[in-house]
Amino acid sequence: MIDAARLYLDGQCSIQELNGYASKCATAAHLFSGHPHIKRTADEWLTVIYSRWNEFGDVARPISEEEFRDWLQSHLLS
């Protein structure tokens with residue numbers, strides 16, 4: 001997810017691709033009983049990614065591209 005986030009911020013990965021990476025991570029963490037922190041982190045990323053992507057227009061208050069980029073950047077620094 002971190003590598004995909006860097007690619008996204010560099011314009012080399014779409015929001016759909018980023019969502020795919022986070023989804024795969026979350027699925028693997030849940031299926032293989034991964035560490036609870038990994039599960040929570042992957043689930044959080046999926047929630048935030050979707051609140052930006054808003055594929056079906058069902059997010060009441062989607063976040064802006066700027067807010068999303070700031071959020072991603074903050075996770076790369078931590």
# chains A, B, ... in the order shown; residues from 1 in each chain; ligands from 1
$ select_by_dssp --residues "chain A" --states "alpha helix (DSSP H)" --output "mmCIF file with C-alpha atoms, in the first residue's frame"
data_model
loop_
_atom_site.group_PDB
_atom_site.id
_atom_site.type_symbol
_atom_site.label_atom_id
_atom_site.label_comp_id
_atom_site.auth_asym_id
_atom_site.auth_seq_id
_atom_site.Cartn_x
_atom_site.Cartn_y
_atom_site.Cartn_z
ATOM 1 C CA ILE A 2 2.854 2.366 0.804
ATOM 2 C CA ASP A 3 4.461 1.801 -2.594
ATOM 3 C CA ALA A 4 1.111 2.278 -4.317
ATOM 4 C CA ALA A 5 0.529 5.496 -2.348
ATOM 5 C CA ARG A 6 3.872 6.835 -3.563
ATOM 6 C CA LEU A 7 2.962 5.927 -7.126
ATOM 7 C CA TYR A 8 -0.405 7.663 -6.735
ATOM 8 C CA LEU A 9 1.206 10.828 -5.401
ATOM 9 C CA ILE A 15 -7.275 5.776 -7.419
ATOM 10 C CA GLN A 16 -8.750 2.510 -8.710
ATOM 11 C CA GLU A 17 -5.334 0.843 -8.637
ATOM 12 C CA LEU A 18 -4.636 2.206 -5.173
ATOM 13 C CA ASN A 19 -7.978 0.824 -4.015
ATOM 14 C CA GLY A 20 -7.050 -2.551 -5.506
ATOM 15 C CA TYR A 21 -3.783 -2.695 -3.573
ATOM 16 C CA ALA A 22 -5.489 -1.771 -0.301
ATOM 17 C CA SER A 23 -8.259 -4.276 -0.955
ATOM 18 C CA LYS A 24 -5.769 -7.087 -1.587
ATOM 19 C CA CYS A 25 -3.908 -6.222 1.600
ATOM 20 C CA ALA A 26 -7.120 -6.150 3.647
ATOM 21 C CA THR A 27 -8.316 -9.438 2.167
ATOM 22 C CA ALA A 28 -4.997 -11.175 2.836
ATOM 23 C CA ALA A 29 -4.845 -9.829 6.392
ATOM 24 C CA HIS A 30 -8.337 -11.096 7.121
ATOM 25 C CA LEU A 31 -7.979 -14.479 5.377
ATOM 26 C CA PRO A 36 -4.901 -6.769 14.055
ATOM 27 C CA HIS A 37 -3.045 -3.527 13.347
ATOM 28 C CA ILE A 38 -2.516 -4.535 9.711
ATOM 29 C CA LYS A 39 -6.228 -5.344 9.385
ATOM 30 C CA ARG A 40 -7.248 -2.003 10.921
ATOM 31 C CA THR A 41 -4.789 -0.069 8.776
ATOM 32 C CA ALA A 42 -5.900 -1.723 5.542
ATOM 33 C CA ASP A 43 -9.565 -1.181 6.436
ATOM 34 C CA GLU A 44 -8.871 2.473 7.256
ATOM 35 C CA TRP A 45 -7.106 2.953 3.925
ATOM 36 C CA LEU A 46 -10.048 1.410 2.076
ATOM 37 C CA THR A 47 -12.464 3.749 3.844
ATOM 38 C CA VAL A 48 -10.431 6.862 3.096
ATOM 39 C CA ILE A 49 -9.693 5.826 -0.499
ATOM 40 C CA TYR A 50 -13.389 5.222 -1.096
ATOM 41 C CA SER A 51 -14.346 8.526 0.480
ATOM 42 C CA ARG A 52 -12.179 10.165 -2.196
ATOM 43 C CA TRP A 53 -13.077 7.883 -5.098
ATOM 44 C CA GLU A 65 -8.098 15.503 -3.819
ATOM 45 C CA GLU A 66 -6.004 17.873 -1.703
ATOM 46 C CA GLU A 67 -7.265 16.355 1.564
ATOM 47 C CA PHE A 68 -6.648 12.868 0.204
ATOM 48 C CA ARG A 69 -3.109 13.680 -0.901
ATOM 49 C CA ASP A 70 -2.374 15.243 2.493
ATOM 50 C CA TRP A 71 -3.725 12.128 4.217
ATOM 51 C CA LEU A 72 -1.599 9.832 2.046
ATOM 52 C CA GLN A 73 1.488 11.978 2.591
ATOM 53 C CA SER A 74 0.987 11.904 6.353
ATOM 54 C CA HIS A 75 0.954 8.097 6.267
ATOM 55 C CA LEU A 76 4.137 7.985 4.261
ATOM 56 C CA LEU A 77 5.909 10.046 6.892
#
$ atom_distance --atom1 "CA of Asp58 (chain A)" --atom2 "CA of Gly11 (chain A)"
25.4 Å
